[in-house]
file model.cif (mmCIF, C-alpha atoms and all ligand atoms)
data_my_file
#
loop_
_atom_site.group_PDB
_atom_site.id
_atom_site.type_symbol
_atom_site.label_atom_id
_atom_site.label_comp_id
_atom_site.auth_asym_id
_atom_site.auth_seq_id
_atom_site.Cartn_x
_atom_site.Cartn_y
_atom_site.Cartn_z
ATOM 1 C CA MET M 1 45.028 -6.000 9.088
ATOM 2 C CA PRO M 2 43.973 -4.248 12.303
ATOM 3 C CA LEU M 3 40.289 -3.797 12.945
ATOM 4 C CA VAL M 4 38.921 -0.387 13.770
ATOM 5 C CA THR M 5 35.595 0.369 15.382
ATOM 6 C CA LEU M 6 33.242 1.995 12.929
ATOM 7 C CA THR M 7 30.442 2.716 15.354
ATOM 8 C CA THR M 8 28.728 1.262 18.398
ATOM 9 C CA PHE M 9 25.157 0.063 18.469
ATOM 10 C CA ARG M 10 22.930 -0.081 21.486
ATOM 11 C CA THR M 11 21.377 -3.428 20.553
ATOM 12 C CA ALA M 12 22.739 -6.581 18.938
ATOM 13 C CA GLN M 13 19.867 -6.496 16.476
ATOM 14 C CA ASP M 14 20.906 -3.158 15.022
ATOM 15 C CA ALA M 15 24.569 -4.163 14.973
ATOM 16 C CA HIS M 16 23.736 -7.326 13.047
ATOM 17 C CA LEU M 17 21.581 -5.314 10.658
ATOM 18 C CA ALA M 18 24.409 -2.882 9.920
ATOM 19 C CA LYS M 19 26.864 -5.790 9.567
ATOM 20 C CA ALA M 20 24.558 -7.427 7.037
ATOM 21 C CA VAL M 21 24.257 -4.184 5.083
ATOM 22 C CA LEU M 22 28.043 -3.799 4.922
ATOM 23 C CA GLU M 23 28.654 -7.413 3.920
ATOM 24 C CA ASP M 24 25.979 -7.080 1.277
ATOM 25 C CA GLU M 25 28.109 -4.263 -0.169
ATOM 26 C CA GLY M 26 31.220 -6.440 -0.041
ATOM 27 C CA VAL M 27 32.796 -4.984 3.094
ATOM 28 C CA PRO M 28 33.686 -7.670 5.683
ATOM 29 C CA ALA M 29 32.395 -6.501 9.056
ATOM 30 C CA PHE M 30 32.869 -7.899 12.537
ATOM 31 C CA LEU M 31 30.991 -7.435 15.767
ATOM 32 C CA GLY M 32 33.242 -6.533 18.654
ATOM 33 C CA ASP M 33 31.357 -8.757 21.028
ATOM 34 C CA GLU M 34 30.642 -11.970 19.183
ATOM 35 C CA ASN M 35 29.096 -13.564 22.259
ATOM 36 C CA VAL M 36 26.177 -11.187 21.832
ATOM 37 C CA SER M 37 23.417 -13.570 20.976
ATOM 38 C CA SER M 38 22.222 -13.339 17.386
ATOM 39 C CA ILE M 39 19.498 -10.843 16.651
ATOM 40 C CA ALA M 40 17.940 -10.444 20.082
ATOM 41 C CA PRO M 41 16.678 -6.852 20.358
ATOM 42 C CA TYR M 42 18.115 -6.527 23.854
ATOM 43 C CA VAL M 43 19.966 -3.437 24.884
ATOM 44 C CA VAL M 44 23.588 -4.433 25.397
ATOM 45 C CA PRO M 45 25.069 -2.605 28.439
ATOM 46 C CA ASN M 46 28.235 -1.392 26.749
ATOM 47 C CA GLY M 47 26.872 -1.423 23.232
ATOM 48 C CA VAL M 48 27.964 -3.650 20.365
ATOM 49 C CA ARG M 49 30.967 -2.478 18.405
ATOM 50 C CA LEU M 50 30.847 -2.800 14.641
ATOM 51 C CA GLN M 51 34.376 -3.204 13.327
ATOM 52 C CA VAL M 52 35.920 -3.216 9.884
ATOM 53 C CA ALA M 53 39.461 -3.465 8.554
ATOM 54 C CA ALA M 54 41.242 -0.094 8.695
ATOM 55 C CA ASP M 55 41.436 -0.022 4.888
ATOM 56 C CA ASP M 56 37.671 -0.438 4.621
ATOM 57 C CA PHE M 57 36.828 2.250 7.141
ATOM 58 C CA ASP M 58 36.037 5.105 4.745
ATOM 59 C CA ARG M 59 34.031 2.926 2.426
ATOM 60 C CA ALA M 60 32.087 1.301 5.279
ATOM 61 C CA GLU M 61 31.382 4.679 6.796
ATOM 62 C CA GLY M 62 30.129 5.915 3.446
ATOM 63 C CA ILE M 63 27.780 2.955 3.131
ATOM 64 C CA LEU M 64 26.370 3.422 6.629
ATOM 65 C CA ASN M 65 25.985 7.153 6.052
ATOM 66 C CA ARG M 66 24.118 6.475 2.860
ATOM 67 C CA ILE M 67 21.841 3.993 4.612
ATOM 68 C CA ALA M 68 21.341 6.126 7.679
ATOM 69 C CA GLY M 69 21.204 9.395 5.763
ATOM 70 C CA MET M 70 23.469 11.004 8.313
ATOM 71 C CA ASP M 71 27.045 11.167 9.464
ATOM 72 C CA VAL M 72 27.905 8.176 11.629
ATOM 73 C CA ALA M 73 31.268 9.797 12.264
ATOM 74 C CA GLU M 74 29.518 12.320 14.451
ATOM 75 C CA LYS M 75 28.973 9.473 16.918
ATOM 76 C CA SER M 76 25.261 10.125 17.089
ATOM 77 C CA THR M 77 24.818 6.416 17.611
ATOM 78 C CA ALA M 78 21.251 6.496 18.840
ATOM 79 C CA SER M 79 19.982 8.479 15.877
ATOM 80 C CA ALA M 80 22.049 6.485 13.377
ATOM 81 C CA GLU M 81 20.569 3.357 14.822
ATOM 82 C CA ARG M 82 17.070 4.764 14.535
ATOM 83 C CA ALA M 83 17.703 5.951 10.982
ATOM 84 C CA ILE M 84 18.816 2.501 9.898
ATOM 85 C CA ARG M 85 15.722 0.945 11.318
ATOM 86 C CA HIS M 86 13.409 3.710 10.104
ATOM 87 C CA PRO M 87 15.043 5.174 7.010
ATOM 88 C CA GLU M 88 12.528 7.971 6.619
ATOM 89 C CA GLN M 89 10.644 10.596 8.470
ATOM 90 C CA CYS M 90 6.970 11.276 8.118
ATOM 91 C CA PRO M 91 6.594 13.706 5.180
ATOM 92 C CA ARG M 92 3.603 15.315 6.862
ATOM 93 C CA CYS M 93 4.655 15.890 10.471
ATOM 94 C CA GLY M 94 8.365 15.014 10.385
ATOM 95 C CA SER M 95 8.054 12.387 13.091
ATOM 96 C CA PRO M 96 10.772 9.702 12.903
ATOM 97 C CA ASP M 97 8.373 7.161 14.419
ATOM 98 C CA ILE M 98 7.659 5.334 11.180
ATOM 99 C CA ARG M 99 6.171 1.857 11.010
ATOM 100 C CA ARG M 100 6.436 -0.440 8.059
ATOM 101 C CA THR M 101 3.032 -1.878 7.335
ATOM 102 C CA ARG M 102 2.953 -5.650 7.472
ATOM 103 C CA ARG M 103 1.882 -6.245 3.912
ATOM 104 C CA LEU M 104 2.753 -9.930 3.787
ATOM 105 C CA LEU M 105 0.942 -10.664 7.025
ATOM 106 C CA GLY M 106 -2.111 -8.706 5.871
ATOM 107 C CA PHE M 107 -2.140 -10.508 2.560
ATOM 108 C CA SER M 108 -1.716 -13.938 4.173
ATOM 109 C CA ILE M 109 -4.651 -13.356 6.490
ATOM 110 C CA ALA M 110 -6.845 -11.962 3.702
ATOM 111 C CA ALA M 111 -5.964 -14.833 1.344
ATOM 112 C CA ALA M 112 -6.563 -17.487 4.019
ATOM 113 C CA LEU M 113 -9.979 -16.020 4.845
ATOM 114 C CA LEU M 114 -10.857 -15.721 1.173
ATOM 115 C CA PHE M 115 -10.002 -19.333 0.419
ATOM 116 C CA ALA M 116 -11.922 -20.527 3.478
ATOM 117 C CA VAL M 117 -14.985 -18.709 2.139
ATOM 118 C CA GLY M 118 -14.279 -19.886 -1.412
ATOM 119 C CA VAL M 119 -14.211 -23.520 -0.308
ATOM 120 C CA ALA M 120 -17.378 -23.036 1.759
ATOM 121 C CA VAL M 121 -19.372 -21.584 -1.156
ATOM 122 C CA ASP M 122 -17.684 -23.803 -3.783
ATOM 123 C CA GLN M 123 -16.508 -20.840 -5.909
ATOM 124 C CA LEU M 124 -12.772 -21.533 -6.198
ATOM 125 C CA VAL M 125 -12.240 -19.916 -9.613
ATOM 126 C CA MET M 126 -13.807 -16.658 -8.500
ATOM 127 C CA THR M 127 -11.858 -16.919 -5.255
ATOM 128 C CA PHE M 128 -8.648 -17.239 -7.231
ATOM 129 C CA TYR M 129 -9.323 -14.017 -9.169
ATOM 130 C CA LEU M 130 -10.277 -12.229 -5.972
ATOM 131 C CA ALA M 131 -7.025 -13.411 -4.389
ATOM 132 C CA MET M 132 -5.092 -11.996 -7.352
ATOM 133 C CA ALA M 133 -6.898 -8.671 -6.923
ATOM 134 C CA ILE M 134 -6.091 -8.609 -3.203
ATOM 135 C CA CYS M 135 -2.479 -9.491 -3.997
ATOM 136 C CA ILE M 136 -2.209 -6.497 -6.345
ATOM 137 C CA PHE M 137 -3.892 -4.295 -3.764
ATOM 138 C CA PHE M 138 -1.312 -5.257 -1.130
ATOM 139 C CA LEU M 139 1.543 -4.820 -3.572
ATOM 140 C CA VAL M 140 0.558 -1.221 -4.298
ATOM 141 C CA ALA M 141 -0.468 -0.434 -0.707
ATOM 142 C CA SER M 142 1.590 2.179 1.098
ATOM 143 C CA PRO M 143 4.542 0.530 2.807
ATOM 144 C CA PHE M 144 5.000 3.233 5.471
ATOM 145 C CA ARG M 145 2.749 4.548 8.162
ATOM 146 C CA CYS M 146 3.457 7.367 10.616
ATOM 147 C CA ALA M 147 2.816 6.294 14.206
ATOM 148 C CA ASN M 148 2.438 9.931 15.185
ATOM 149 C CA CYS M 149 -0.181 11.292 12.788
ATOM 150 C CA GLY M 150 -1.301 8.163 10.937
ATOM 151 C CA HIS M 151 -0.173 9.464 7.540
ATOM 152 C CA ARG M 152 0.524 6.715 4.961
ATOM 153 C CA TRP M 153 2.757 6.930 1.921
HETATM 154 ZN ZN ZN Z 201 3.270 11.974 10.734
#

call {"tool": "encode", "arguments": {"input": "model.cif", "output": "structure tokens"}}
result
Amino acid sequence: MPLVTLTTFRTAQDAHLAKAVLEDEGVPAFLGDENVSSIAPYVVPNGVRLQVAADDFDRAEGILNRIAGMDVAEKSTASAERAIRHPEQCPRCGSPDIRRTRRLLGFSIAAALLFAVGVAVDQLVMTFYLAMAICIFFLVASPFRCANCGHRW
């Protein structure tokens, strides 16, 4: 089965991300330049080709389009790449510069501080309930933040 190039990514990181998405959907995908080191976010001079079997092309393209929310076939590689990394635009100002908030990191820091205080004041039961409350807070916290206008949703 001949391989055909689905699209080309500017960085190995994005190519690996798209490959993982396709394989998650059951479409075997191959990177044209396997010597490209793992998930380093370096810009690869000639780009990294994402290839699939010719028979899988339409399906793979459909999956990437669905993920990217745009037509990869139009060869708008840079915007497809950006759309995969940032699947949404800011609903307030339309900026594509969206950051995912680091909920796990925030929770880890808050929990670590809380337990340090809890041990210091010998109130571990109360600390436990507070940790649960903080956990729920982080779970319902907005996952996206606009880097342009600061809007969260
Ligand atoms: Zn915004």

call {"tool": "resolve_selection", "arguments": {"input": "model.cif", "expression": "the PyMOL selection byres (((chain M and resi 2) around 7) and not hetatm)", "output": "JSON, numbers by chain"}}
result
{"M": [1, 3, 4, 53, 54]}

call {"tool": "residues_near_point", "arguments": {"input": "model.cif", "point": "(-7.2, -12.7, 4.3)", "cutoff": "12 Å", "atoms": "only C-alpha atoms", "output": "MDAnalysis selection string"}}
result
chainID M and resid 103:118 127 130:135 138

call {"tool": "residues_near_ligand", "arguments": {"input": "model.cif", "ligand": "ligand ZN 201 (chain Z)", "cutoff": "10 Å", "atoms": "only C-alpha atoms and all ligand atoms", "output": "PyMOL selection string"}}
result
chain M and resi 89-98+145-152

call {"tool": "closest_residue", "arguments": {"input": "model.cif", "among": "M:Leu64, M:Gly47, M:Gly32, M:Asp56", "to": "Leu17 in chain M", "atoms": "only C-alpha atoms"}}
result
M:Leu64

call {"tool": "residues_near_point", "arguments": {"input": "model.cif", "point": "(3.3, -0.9, 5.7)", "cutoff": "9 Å", "atoms": "all atoms listed in the file", "output": "list in words"}}
result
Arg99, Arg100, Thr101, Arg102, Arg103, Ala141, Ser142, Pro143, Phe144, Arg145, Arg152 and Trp153 of chain M

call {"tool": "closest_residue", "arguments": {"input": "model.cif", "among": "M:Phe137, M:Ala12, M:Val125, M:Glu23", "to": "Arg59 in chain M", "atoms": "all atoms listed in the file"}}
result
M:Glu23

call {"tool": "closest_residue", "arguments": {"input": "model.cif", "among": "M:Arg49, M:Arg66, M:Met126, M:Ile136", "to": "Phe9 in chain M", "atoms": "all atoms listed in the file"}}
result
M:Arg49

call {"tool": "atom_distance", "arguments": {"input": "model.cif", "atom1": "CA of Phe57 in chain M", "atom2": "CA of Phe30 in chain M"}}
result
12.2 Å

call {"tool": "atom_distance", "arguments": {"input": "model.cif", "atom1": "CA of Ala68 in chain M", "atom2": "CA of Leu31 in chain M"}}
result
18.5 Å

call {"tool": "closest_residue", "arguments": {"input": "model.cif", "among": "M:Ala120, M:Ala29, M:Leu139, M:Leu50", "to": "Leu6 in chain M", "atoms": "all atoms listed in the file"}}
result
M:Leu50

call {"tool": "axis_aligned_box", "arguments": {"input": "model.cif", "around": "range 28-31 of chain M", "padding_each_side": "4 Å", "output": "AutoDock Vina command-line options"}}
result
--center_x 32.3 --center_y -7.2 --center_z 10.7 --size_x 10.7 --size_y 9.4 --size_z 18.1

call {"tool": "atom_distance", "arguments": {"input": "model.cif", "atom1": "CA of His16 in chain M", "atom2": "CA of Val140 in chain M"}}
result
29.6 Å

call {"tool": "closest_residue", "arguments": {"input": "model.cif", "among": "M:Asp24, M:Thr5, M:Val119, M:Arg10", "to": "Val52 in chain M", "atoms": "all atoms listed in the file"}}
result
M:Thr5

call {"tool": "build_atoms", "arguments": {"input": "model.cif", "residues": "range 119-134 of chain M", "atoms": "N, CA and C atoms", "output": "PDB file, keeping the file's coordinate frame"}}
result
ATOM      1  N   VAL M 119     -13.948 -22.086  -0.451  1.00  0.00           N
ATOM      2  CA  VAL M 119     -14.211 -23.520  -0.308  1.00  0.00           C
ATOM      3  C   VAL M 119     -15.634 -23.730   0.201  1.00  0.00           C
ATOM      4  N   ALA M 120     -16.049 -22.896   1.155  1.00  0.00           N
ATOM      5  CA  ALA M 120     -17.378 -23.036   1.759  1.00  0.00           C
ATOM      6  C   ALA M 120     -18.482 -22.847   0.731  1.00  0.00           C
ATOM      7  N   VAL M 121     -18.307 -21.855  -0.190  1.00  0.00           N
ATOM      8  CA  VAL M 121     -19.372 -21.584  -1.156  1.00  0.00           C
ATOM      9  C   VAL M 121     -19.102 -22.264  -2.496  1.00  0.00           C
ATOM     10  N   ASP M 122     -17.999 -23.054  -2.565  1.00  0.00           N
ATOM     11  CA  ASP M 122     -17.684 -23.803  -3.783  1.00  0.00           C
ATOM     12  C   ASP M 122     -17.504 -22.888  -4.996  1.00  0.00           C
ATOM     13  N   GLN M 123     -16.761 -21.794  -4.811  1.00  0.00           N
ATOM     14  CA  GLN M 123     -16.508 -20.840  -5.909  1.00  0.00           C
ATOM     15  C   GLN M 123     -15.000 -20.601  -6.015  1.00  0.00           C
ATOM     16  N   LEU M 124     -14.231 -21.671  -6.268  1.00  0.00           N
ATOM     17  CA  LEU M 124     -12.772 -21.533  -6.198  1.00  0.00           C
ATOM     18  C   LEU M 124     -12.185 -20.676  -7.319  1.00  0.00           C
ATOM     19  N   VAL M 125     -12.788 -20.715  -8.507  1.00  0.00           N
ATOM     20  CA  VAL M 125     -12.240 -19.916  -9.613  1.00  0.00           C
ATOM     21  C   VAL M 125     -12.383 -18.432  -9.307  1.00  0.00           C
ATOM     22  N   MET M 126     -13.584 -18.057  -8.849  1.00  0.00           N
ATOM     23  CA  MET M 126     -13.807 -16.658  -8.500  1.00  0.00           C
ATOM     24  C   MET M 126     -12.891 -16.265  -7.346  1.00  0.00           C
ATOM     25  N   THR M 127     -12.724 -17.172  -6.398  1.00  0.00           N
ATOM     26  CA  THR M 127     -11.858 -16.919  -5.255  1.00  0.00           C
ATOM     27  C   THR M 127     -10.423 -16.645  -5.709  1.00  0.00           C
ATOM     28  N   PHE M 128     -10.004 -17.416  -6.715  1.00  0.00           N
ATOM     29  CA  PHE M 128      -8.648 -17.239  -7.231  1.00  0.00           C
ATOM     30  C   PHE M 128      -8.462 -15.826  -7.798  1.00  0.00           C
ATOM     31  N   TYR M 129      -9.448 -15.360  -8.593  1.00  0.00           N
ATOM     32  CA  TYR M 129      -9.323 -14.017  -9.169  1.00  0.00           C
ATOM     33  C   TYR M 129      -9.385 -12.942  -8.088  1.00  0.00           C
ATOM     34  N   LEU M 130     -10.211 -13.180  -7.085  1.00  0.00           N
ATOM     35  CA  LEU M 130     -10.277 -12.229  -5.972  1.00  0.00           C
ATOM     36  C   LEU M 130      -8.939 -12.176  -5.234  1.00  0.00           C
ATOM     37  N   ALA M 131      -8.320 -13.358  -5.068  1.00  0.00           N
ATOM     38  CA  ALA M 131      -7.025 -13.411  -4.389  1.00  0.00           C
ATOM     39  C   ALA M 131      -5.978 -12.631  -5.170  1.00  0.00           C
ATOM     40  N   MET M 132      -6.022 -12.757  -6.514  1.00  0.00           N
ATOM     41  CA  MET M 132      -5.092 -11.996  -7.352  1.00  0.00           C
ATOM     42  C   MET M 132      -5.302 -10.495  -7.150  1.00  0.00           C
ATOM     43  N   ALA M 133      -6.581 -10.092  -7.104  1.00  0.00           N
ATOM     44  CA  ALA M 133      -6.898  -8.671  -6.923  1.00  0.00           C
ATOM     45  C   ALA M 133      -6.375  -8.171  -5.574  1.00  0.00           C
ATOM     46  N   ILE M 134      -6.567  -8.994  -4.538  1.00  0.00           N
ATOM     47  CA  ILE M 134      -6.091  -8.609  -3.203  1.00  0.00           C
ATOM     48  C   ILE M 134      -4.568  -8.531  -3.192  1.00  0.00           C
TER      49      ILE M 134
END
